[in-house]
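Source file: query-v1.csv. Holds: CSV, N, CA and C atoms and all ligand atoms.
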chain,number,residue,atom,x,y,z
U,1,ALA,N,0.8,-1.2,0.0
U,1,ALA,CA,0.0,0.0,0.0
U,1,ALA,C,0.9,1.2,0.0
U,2,THR,N,0.4,2.3,-0.7
U,2,THR,CA,1.1,3.5,-0.8
U,2,THR,C,0.8,4.4,0.5
U,3,LEU,N,1.8,5.2,0.9
U,3,LEU,CA,1.6,6.1,2.0
U,3,LEU,C,0.5,7.1,1.5
U,4,PRO,N,-0.3,7.7,2.5
U,4,PRO,CA,-1.2,8.8,2.2
U,4,PRO,C,-0.3,10.0,1.7
U,5,TYR,N,-0.9,10.8,0.8
U,5,TYR,CA,-0.2,11.9,0.3
U,5,TYR,C,0.1,13.0,1.4
U,6,ASP,N,1.3,13.4,1.5
U,6,ASP,CA,1.7,14.4,2.5
U,6,ASP,C,1.8,15.8,1.8
U,7,ASP,N,0.8,16.7,2.2
U,7,ASP,CA,0.8,18.0,1.5
U,7,ASP,C,2.0,18.9,1.9
U,8,ASP,N,2.8,18.4,2.9
U,8,ASP,CA,4.0,19.2,3.3
U,8,ASP,C,5.3,18.7,2.6
U,9,ASN,N,5.1,17.7,1.6
U,9,ASN,CA,6.4,17.3,1.0
U,9,ASN,C,6.9,18.4,0.1
U,10,ILE,N,8.2,18.3,-0.1
U,10,ILE,CA,9.0,19.4,-0.8
U,10,ILE,C,8.4,19.7,-2.2
U,11,PHE,N,8.0,18.7,-2.9
U,11,PHE,CA,7.5,19.0,-4.3
U,11,PHE,C,6.1,19.7,-4.2
U,12,ALA,N,5.3,19.3,-3.2
U,12,ALA,CA,4.0,20.0,-3.0
U,12,ALA,C,4.3,21.5,-2.8
U,13,LYS,N,5.3,21.8,-2.0
U,13,LYS,CA,5.6,23.2,-1.7
U,13,LYS,C,6.1,23.9,-2.9
U,14,ILE,N,6.9,23.2,-3.7
U,14,ILE,CA,7.4,23.8,-5.0
U,14,ILE,C,6.2,24.1,-5.9
U,15,LEU,N,5.2,23.1,-6.0
U,15,LEU,CA,4.0,23.3,-6.8
U,15,LEU,C,3.2,24.5,-6.4
U,16,ARG,N,3.2,24.7,-5.1
U,16,ARG,CA,2.4,25.8,-4.5
U,16,ARG,C,3.2,27.1,-4.6
U,17,GLY,N,4.4,27.1,-5.0
U,17,GLY,CA,5.3,28.3,-5.1
U,17,GLY,C,5.8,28.7,-3.8
U,18,GLU,N,5.8,27.8,-2.8
U,18,GLU,CA,6.3,28.2,-1.4
U,18,GLU,C,7.8,28.1,-1.3
U,19,ILE,N,8.4,27.3,-2.2
U,19,ILE,CA,9.8,27.1,-2.3
U,19,ILE,C,10.2,27.3,-3.7
U,20,PRO,N,11.3,28.1,-3.9
U,20,PRO,CA,11.7,28.5,-5.3
U,20,PRO,C,12.2,27.3,-6.0
U,21,CYS,N,12.2,27.3,-7.3
U,21,CYS,CA,12.8,26.3,-8.2
U,21,CYS,C,13.1,26.9,-9.5
U,22,SER,N,13.9,26.2,-10.3
U,22,SER,CA,14.2,26.6,-11.6
U,22,SER,C,13.3,25.9,-12.6
U,23,LYS,N,12.2,26.5,-12.9
U,23,LYS,CA,11.1,25.9,-13.7
U,23,LYS,C,11.5,25.8,-15.1
U,24,VAL,N,11.2,24.6,-15.7
U,24,VAL,CA,11.4,24.5,-17.1
U,24,VAL,C,10.1,24.2,-17.9
U,25,HIS,N,9.1,23.9,-17.3
U,25,HIS,CA,7.8,23.6,-18.0
U,25,HIS,C,6.7,23.6,-17.0
U,26,GLU,N,5.5,24.2,-17.4
U,26,GLU,CA,4.3,24.0,-16.7
U,26,GLU,C,3.1,24.0,-17.6
U,27,ASP,N,2.2,23.1,-17.4
U,27,ASP,CA,0.9,23.1,-18.1
U,27,ASP,C,-0.1,22.6,-17.1
U,28,GLU,N,-1.3,22.3,-17.7
U,28,GLU,CA,-2.4,21.9,-16.8
U,28,GLU,C,-2.1,20.7,-16.0
U,29,TRP,N,-1.3,19.8,-16.5
U,29,TRP,CA,-1.2,18.5,-15.8
U,29,TRP,C,0.2,18.3,-15.2
U,30,ALA,N,1.2,19.0,-15.6
U,30,ALA,CA,2.6,18.7,-15.2
U,30,ALA,C,3.4,19.9,-14.9
U,31,PHE,N,4.4,19.7,-14.1
U,31,PHE,CA,5.3,20.8,-13.7
U,31,PHE,C,6.7,20.2,-13.7
U,32,ALA,N,7.7,21.0,-14.2
U,32,ALA,CA,9.0,20.4,-14.3
U,32,ALA,C,10.0,21.5,-13.9
U,33,PHE,N,11.1,21.1,-13.3
U,33,PHE,CA,12.1,22.0,-12.8
U,33,PHE,C,13.5,21.2,-12.7
U,34,HIS,N,14.5,22.0,-12.6
U,34,HIS,CA,15.9,21.4,-12.5
U,34,HIS,C,16.1,20.8,-11.1
U,35,ASP,N,16.7,19.6,-11.1
U,35,ASP,CA,17.0,19.0,-9.9
U,35,ASP,C,18.1,19.8,-9.2
U,36,ILE,N,17.9,20.0,-7.9
U,36,ILE,CA,18.8,20.8,-7.1
U,36,ILE,C,20.2,20.2,-7.0
U,37,ASN,N,20.3,18.9,-7.2
U,37,ASN,CA,21.6,18.2,-7.1
U,37,ASN,C,21.8,17.4,-8.3
U,38,PRO,N,22.1,18.0,-9.4
U,38,PRO,CA,22.1,17.3,-10.7
U,38,PRO,C,23.1,16.2,-10.9
U,39,GLN,N,22.6,15.1,-11.4
U,39,GLN,CA,23.4,13.9,-11.6
U,39,GLN,C,23.9,13.8,-13.1
U,40,ALA,N,23.6,14.8,-13.9
U,40,ALA,CA,24.0,14.8,-15.3
U,40,ALA,C,23.9,16.2,-15.7
U,41,PRO,N,24.5,16.6,-16.9
U,41,PRO,CA,24.5,18.0,-17.3
U,41,PRO,C,23.1,18.6,-17.4
U,42,THR,N,22.2,17.8,-17.8
U,42,THR,CA,20.7,18.2,-17.7
U,42,THR,C,20.1,17.2,-16.8
U,43,HIS,N,19.4,17.6,-15.8
U,43,HIS,CA,18.7,16.8,-14.8
U,43,HIS,C,17.4,17.5,-14.4
U,44,ILE,N,16.3,17.1,-15.0
U,44,ILE,CA,15.0,17.7,-14.8
U,44,ILE,C,14.1,16.7,-14.1
U,45,LEU,N,13.3,17.3,-13.2
U,45,LEU,CA,12.3,16.5,-12.5
U,45,LEU,C,10.9,16.9,-13.1
U,46,VAL,N,10.1,15.9,-13.5
U,46,VAL,CA,8.8,16.2,-14.0
U,46,VAL,C,7.8,15.5,-13.0
U,47,VAL,N,6.9,16.3,-12.5
U,47,VAL,CA,5.9,15.9,-11.6
U,47,VAL,C,4.5,16.1,-12.1
U,48,PRO,N,3.6,15.2,-11.9
U,48,PRO,CA,2.1,15.5,-12.2
U,48,PRO,C,1.7,16.5,-11.1
U,49,LYS,N,0.7,17.3,-11.5
U,49,LYS,CA,0.2,18.3,-10.6
U,49,LYS,C,-0.7,17.7,-9.5
U,50,GLY,N,-1.2,16.5,-9.8
U,50,GLY,CA,-2.1,15.9,-8.8
U,50,GLY,C,-1.3,15.3,-7.6
U,51,ARG,N,-2.1,14.9,-6.6
U,51,ARG,CA,-1.5,14.5,-5.3
U,51,ARG,C,-1.3,13.0,-5.4
U,52,TYR,N,-0.2,12.5,-6.0
U,52,TYR,CA,0.1,11.1,-6.1
U,52,TYR,C,1.5,10.9,-5.6
U,53,VAL,N,1.6,9.8,-4.8
U,53,VAL,CA,2.9,9.4,-4.2
U,53,VAL,C,3.6,8.5,-5.1
U,54,SER,N,2.9,7.5,-5.6
U,54,SER,CA,3.6,6.4,-6.3
U,54,SER,C,3.0,6.2,-7.7
U,55,TRP,N,3.7,5.3,-8.4
U,55,TRP,CA,3.2,4.9,-9.7
U,55,TRP,C,1.9,4.1,-9.6
U,56,ASP,N,1.8,3.4,-8.5
U,56,ASP,CA,0.6,2.6,-8.3
U,56,ASP,C,-0.6,3.5,-8.1
U,57,ASP,N,-0.4,4.5,-7.2
U,57,ASP,CA,-1.3,5.6,-6.9
U,57,ASP,C,-1.8,6.3,-8.2
U,58,PHE,N,-0.8,6.7,-9.0
U,58,PHE,CA,-1.1,7.5,-10.2
U,58,PHE,C,-1.8,6.6,-11.2
U,59,SER,N,-1.3,5.4,-11.5
U,59,SER,CA,-1.9,4.6,-12.5
U,59,SER,C,-3.3,4.1,-12.2
U,60,ALA,N,-3.6,4.0,-10.8
U,60,ALA,CA,-4.8,3.5,-10.4
U,60,ALA,C,-5.9,4.6,-10.2
U,61,ARG,N,-5.4,5.8,-9.8
U,61,ARG,CA,-6.4,6.8,-9.4
U,61,ARG,C,-6.5,8.0,-10.4
U,62,ALA,N,-5.4,8.2,-11.2
U,62,ALA,CA,-5.5,9.4,-12.0
U,62,ALA,C,-6.4,9.2,-13.2
U,63,SER,N,-7.0,10.3,-13.7
U,63,SER,CA,-7.8,10.2,-14.9
U,63,SER,C,-6.9,9.9,-16.1
U,64,ASP,N,-7.6,9.4,-17.2
U,64,ASP,CA,-6.8,9.3,-18.5
U,64,ASP,C,-6.2,10.6,-18.9
U,65,ALA,N,-7.0,11.7,-18.7
U,65,ALA,CA,-6.4,13.0,-19.1
U,65,ALA,C,-5.2,13.4,-18.3
U,66,GLU,N,-5.2,13.1,-17.0
U,66,GLU,CA,-4.0,13.4,-16.2
U,66,GLU,C,-2.8,12.5,-16.6
U,67,ILE,N,-3.1,11.3,-16.9
U,67,ILE,CA,-2.0,10.4,-17.3
U,67,ILE,C,-1.4,10.8,-18.7
U,68,ALA,N,-2.3,11.0,-19.6
U,68,ALA,CA,-1.9,11.4,-20.9
U,68,ALA,C,-1.2,12.8,-20.8
U,69,GLY,N,-1.7,13.7,-20.0
U,69,GLY,CA,-1.1,15.0,-19.9
U,69,GLY,C,0.3,14.9,-19.4
U,70,PHE,N,0.5,14.1,-18.4
U,70,PHE,CA,1.8,13.9,-17.8
U,70,PHE,C,2.8,13.3,-18.8
U,71,VAL,N,2.4,12.2,-19.4
U,71,VAL,CA,3.3,11.6,-20.4
U,71,VAL,C,3.6,12.5,-21.5
U,72,ARG,N,2.6,13.2,-22.0
U,72,ARG,CA,2.9,14.2,-23.1
U,72,ARG,C,3.8,15.3,-22.7
U,73,ALA,N,3.7,15.7,-21.4
U,73,ALA,CA,4.6,16.8,-20.9
U,73,ALA,C,6.1,16.3,-20.9
U,74,VAL,N,6.3,15.1,-20.5
U,74,VAL,CA,7.7,14.6,-20.5
U,74,VAL,C,8.2,14.6,-22.0
U,75,GLY,N,7.4,14.2,-22.9
U,75,GLY,CA,7.8,14.2,-24.3
U,75,GLY,C,8.1,15.6,-24.8
U,76,ARG,N,7.3,16.5,-24.4
U,76,ARG,CA,7.4,17.9,-24.9
U,76,ARG,C,8.7,18.5,-24.3
U,77,ILE,N,9.0,18.2,-23.0
U,77,ILE,CA,10.2,18.8,-22.4
U,77,ILE,C,11.4,18.3,-23.1
U,78,ALA,N,11.4,17.0,-23.5
U,78,ALA,CA,12.6,16.4,-24.2
U,78,ALA,C,12.7,17.1,-25.6
U,79,ARG,N,11.6,17.3,-26.3
U,79,ARG,CA,11.7,18.0,-27.6
U,79,ARG,C,12.1,19.4,-27.4
U,80,ASP,N,11.6,20.1,-26.4
U,80,ASP,CA,11.9,21.5,-26.3
U,80,ASP,C,13.4,21.7,-25.9
U,81,HIS,N,14.0,20.7,-25.3
U,81,HIS,CA,15.4,20.8,-24.9
U,81,HIS,C,16.3,20.2,-25.9
U,82,GLY,N,15.8,19.8,-27.1
U,82,GLY,CA,16.6,19.3,-28.2
U,82,GLY,C,17.2,17.9,-27.9
U,83,LEU,N,16.5,17.1,-27.1
U,83,LEU,CA,17.0,15.9,-26.6
U,83,LEU,C,16.6,14.6,-27.4
U,84,VAL,N,15.7,14.8,-28.3
U,84,VAL,CA,15.2,13.7,-29.0
U,84,VAL,C,16.3,12.9,-29.8
U,85,GLU,N,17.1,13.7,-30.6
U,85,GLU,CA,18.1,13.1,-31.4
U,85,GLU,C,19.3,12.6,-30.5
U,86,PRO,N,19.9,13.4,-29.6
U,86,PRO,CA,21.0,12.9,-28.8
U,86,PRO,C,20.5,11.8,-27.9
U,87,GLY,N,19.3,11.8,-27.4
U,87,GLY,CA,18.8,10.9,-26.5
U,87,GLY,C,18.9,11.3,-25.0
U,88,TYR,N,18.3,10.6,-24.2
U,88,TYR,CA,18.2,10.9,-22.8
U,88,TYR,C,17.7,9.7,-22.0
U,89,ARG,N,17.6,9.8,-20.7
U,89,ARG,CA,17.2,8.7,-19.8
U,89,ARG,C,16.0,9.2,-18.9
U,90,LEU,N,15.0,8.4,-18.8
U,90,LEU,CA,13.9,8.6,-17.8
U,90,LEU,C,14.0,7.6,-16.7
U,91,LEU,N,13.8,8.0,-15.5
U,91,LEU,CA,13.9,7.2,-14.3
U,91,LEU,C,12.9,7.6,-13.3
U,92,ALA,N,12.2,6.6,-12.7
U,92,ALA,CA,11.3,6.9,-11.6
U,92,ALA,C,11.7,6.0,-10.4
U,93,ASN,N,12.0,6.6,-9.3
U,93,ASN,CA,12.3,5.8,-8.1
U,93,ASN,C,10.9,5.7,-7.3
U,94,ILE,N,10.5,4.5,-7.0
U,94,ILE,CA,9.2,4.3,-6.4
U,94,ILE,C,9.4,3.5,-5.1
U,95,GLY,N,8.9,4.1,-4.0
U,95,GLY,CA,8.9,3.4,-2.8
U,95,GLY,C,10.3,3.1,-2.1
U,96,GLY,N,10.2,2.3,-1.1
U,96,GLY,CA,11.4,2.0,-0.3
U,96,GLY,C,12.5,1.4,-1.1
U,97,HIS,N,12.2,0.2,-1.7
U,97,HIS,CA,13.3,-0.5,-2.5
U,97,HIS,C,13.7,0.3,-3.7
U,98,GLY,N,12.8,1.2,-4.2
U,98,GLY,CA,13.2,2.1,-5.3
U,98,GLY,C,14.0,3.3,-5.0
U,99,GLY,N,14.2,3.5,-3.7
U,99,GLY,CA,15.0,4.6,-3.2
U,99,GLY,C,14.3,6.0,-3.3
U,100,GLN,N,13.0,6.0,-3.3
U,100,GLN,CA,12.3,7.3,-3.5
U,100,GLN,C,12.4,8.1,-2.2
U,101,GLU,N,12.9,9.3,-2.4
U,101,GLU,CA,13.1,10.2,-1.2
U,101,GLU,C,12.0,11.2,-1.0
U,102,VAL,N,11.4,11.7,-2.1
U,102,VAL,CA,10.3,12.7,-2.1
U,102,VAL,C,9.0,12.0,-2.4
U,103,PRO,N,8.0,12.0,-1.5
U,103,PRO,CA,6.8,11.3,-1.7
U,103,PRO,C,5.8,12.0,-2.5
U,104,HIS,N,6.2,12.6,-3.6
U,104,HIS,CA,5.3,13.0,-4.7
U,104,HIS,C,5.9,12.5,-6.0
U,105,LEU,N,5.1,11.7,-6.7
U,105,LEU,CA,5.5,11.0,-7.9
U,105,LEU,C,6.3,12.0,-8.8
U,106,HIS,N,7.5,11.5,-9.3
U,106,HIS,CA,8.3,12.3,-10.2
U,106,HIS,C,9.1,11.4,-11.1
U,107,VAL,N,9.4,11.9,-12.3
U,107,VAL,CA,10.2,11.2,-13.2
U,107,VAL,C,11.5,12.1,-13.4
U,108,HIS,N,12.6,11.5,-13.3
U,108,HIS,CA,13.9,12.1,-13.6
U,108,HIS,C,14.2,12.1,-15.1
U,109,LEU,N,14.6,13.2,-15.6
U,109,LEU,CA,15.1,13.2,-17.0
U,109,LEU,C,16.6,13.6,-17.0
U,110,PHE,N,17.4,12.6,-17.4
U,110,PHE,CA,18.9,12.9,-17.5
U,110,PHE,C,19.3,13.0,-18.9
U,111,ALA,N,20.2,13.9,-19.2
U,111,ALA,CA,20.7,14.1,-20.5
U,111,ALA,C,21.9,15.0,-20.5
U,112,GLY,N,22.5,15.2,-21.7
U,112,GLY,CA,23.6,16.1,-21.9
U,112,GLY,C,24.9,15.5,-22.2
U,113,HIS,N,25.0,14.2,-22.0
U,113,HIS,CA,26.2,13.5,-22.4
U,113,HIS,C,25.9,12.0,-22.4
U,114,PRO,N,26.7,11.2,-23.0
U,114,PRO,CA,26.4,9.8,-23.0
U,114,PRO,C,26.3,9.2,-21.6
U,115,LEU,N,25.2,8.6,-21.3
U,115,LEU,CA,25.0,8.1,-20.0
U,115,LEU,C,25.5,6.7,-19.7
U,116,GLY,N,25.8,6.0,-20.8
U,116,GLY,CA,26.3,4.6,-20.6
U,116,GLY,C,25.2,3.7,-20.2
U,117,PRO,N,25.6,2.4,-20.0
U,117,PRO,CA,24.6,1.4,-19.6
U,117,PRO,C,24.0,1.7,-18.2
U,118,MET,N,22.7,1.4,-18.1
U,118,MET,CA,22.1,1.5,-16.8
U,118,MET,C,22.7,0.5,-15.8
U,119,LEU,N,23.0,1.0,-14.6
U,119,LEU,CA,23.7,0.1,-13.6
U,119,LEU,C,22.7,-0.8,-12.9
U,120,THR,N,21.6,-0.3,-12.5
U,120,THR,CA,20.6,-1.1,-11.7
U,120,THR,C,19.2,-0.9,-12.2
H,201,LIG,P1,14.0,10.6,-5.5
H,201,LIG,O1,15.1,9.7,-4.8
H,201,LIG,O2,12.9,10.8,-4.6
H,201,LIG,O3,13.6,10.0,-6.8
H,201,LIG,O4,14.8,11.9,-5.8
H,201,LIG,C1,14.4,13.2,-5.3
H,201,LIG,C2,15.2,14.2,-6.1
H,201,LIG,O5,14.7,15.5,-5.7
H,201,LIG,C3,16.7,14.2,-5.8
H,201,LIG,O6,17.4,14.0,-7.0
H,201,LIG,C4,17.0,15.5,-5.2
H,201,LIG,O7,18.2,16.1,-5.6
H,201,LIG,C5,15.8,16.4,-5.6
H,201,LIG,N1,15.4,17.4,-4.7
H,201,LIG,C6,15.2,17.3,-3.4
H,201,LIG,N2,14.8,18.4,-2.8
H,201,LIG,C7,14.8,19.3,-3.8
H,201,LIG,C8,14.4,20.7,-3.9
H,201,LIG,O8,14.1,21.4,-2.9
H,201,LIG,N3,14.5,21.3,-5.1
H,201,LIG,C9,14.9,20.6,-6.2
H,201,LIG,N4,14.9,21.3,-7.4
H,201,LIG,N5,15.2,19.3,-6.2
H,201,LIG,C10,15.1,18.7,-5.0
Is it possible to express this structure as structure tokens?
Amino acid sequence: ATLPYDDDNIFAKILRGEIPCSKVHEDEWAFAFHDINPQAPTHILVVPKGRYVSWDDFSARASDAEIAGFVRAVGRIARDHGLVEPGYRLLANIGGHGGQEVPHLHVHLFAGHPLGPMLT
């Protein structure tokens, strides 16, 4: 079972504008900003605007419009940053074994140099 959504999590505060961020995209369904501790030359976090902790939560409870909007936003961000041709990596850490630290669903977008084979 997923934890109940915590409205005080750091990404909720970023979404409400209570904590500053370096925003790269916002639309009806998604919000994206640069990771504060980048692990690649480009490291963007994309979050759905809805209150979802996990992939289970999102896939089970979100509307088709929310899911489509979020997926399309990730694709648009990659296009807008010129990443389609060079390529990039998407990653979502989910739950304890996934190493998720912030309990608002997010996808990491890594890019900007060859990332090599995935380690785990
Ligand atoms: P997770 O392990 O939950 O997938 O990763 C959370 C990510 O959020 C980490 O890469 C971390 O650097 C990033 N992060 C944590 N706090 C903040 C913050 O206040 N602002 C930004 N921009 N990124 C954050």
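Proximity to ligand LIG 201 (chain H) was assessed for U:Leu45, U:Ala111, U:Val84, U:Leu3 counting all atoms listed in the file; the smallest distance is recorded for U:Leu45.
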Distance filter 6 Å around ligand LIG 201 (chain H), atoms: only N, CA and C atoms and all ligand atoms, out as a VMD selection string: chain U and resid 10 21 to 22 33 to 38 92 to 93 99 to 103
Separation of CA of Leu105 (chain U) from CA of Trp55 (chain U) in Å: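 The value is 6.8 Å.
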Nearest to Ala78 (chain U), chosen from U:His43, U:Lys23, U:His97, U:Arg51, with only C-alpha atoms counted in the distances: U:His43
Helix (DSSP H, G or I) call set, DSSP backbone run, region 3-113 of chain U, as a ChimeraX atom specification: /U:10-15,55-61,64-80,95-98
Selected residue, from U:Gly96, U:Ser59, U:His106, U:Arg89, that lies nearest to Gln39 (chain U) when counting only C-alpha atoms: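 The closest residue to Gln39 (chain U) is U:Arg89.
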Point-to-point distance in Å for atom N of Gly87 (chain U) and atom N of Val107 (chain U): 18.1 Å
Pairwise distance for CA of Leu119 (chain U) and atom C of Gly95 (chain U), rounded to one decimal in Å: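 One can read the CA of Leu119 (chain U) to atom C of Gly95 (chain U) distance as 17.9 Å.
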Per-residue nearest contacts of region 4-38 of chain U to region 62-69 of chain U (8 Å; all atoms listed in the file) as a tab-separated table:
residue	atom	partner	partner_atom	distance
U:Glu28	C	U:Gly69	CA	7.0
U:Trp29	CA	U:Gly69	C	5.3
U:Ala30	N	U:Gly69	C	5.7
DSSP strand (DSSP E or B) residues within region 51-114 of chain U, listed as a PyMOL selection string: chain U and resi 89-91+107-111
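The residue that comes closest to Phe70 (chain U), out of U:Leu90, U:His108, U:Leu83, U:Val46 and on the basis of all atoms listed in the file, is U:Val46.
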Residue among U:His113, U:Lys49, U:His81, U:Lys13 lying closest to Phe31 (chain U), counting only C-alpha atoms: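 Ranked by minimum distance to Phe31 (chain U), first place goes to U:Lys49.
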Which of U:Leu109, U:Ile94, U:Thr120, U:Asp6 sits closest to Ser54 (chain U) [using all atoms listed in the file]: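 Of the candidates, the smallest distance to Ser54 (chain U) is held by U:Ile94.
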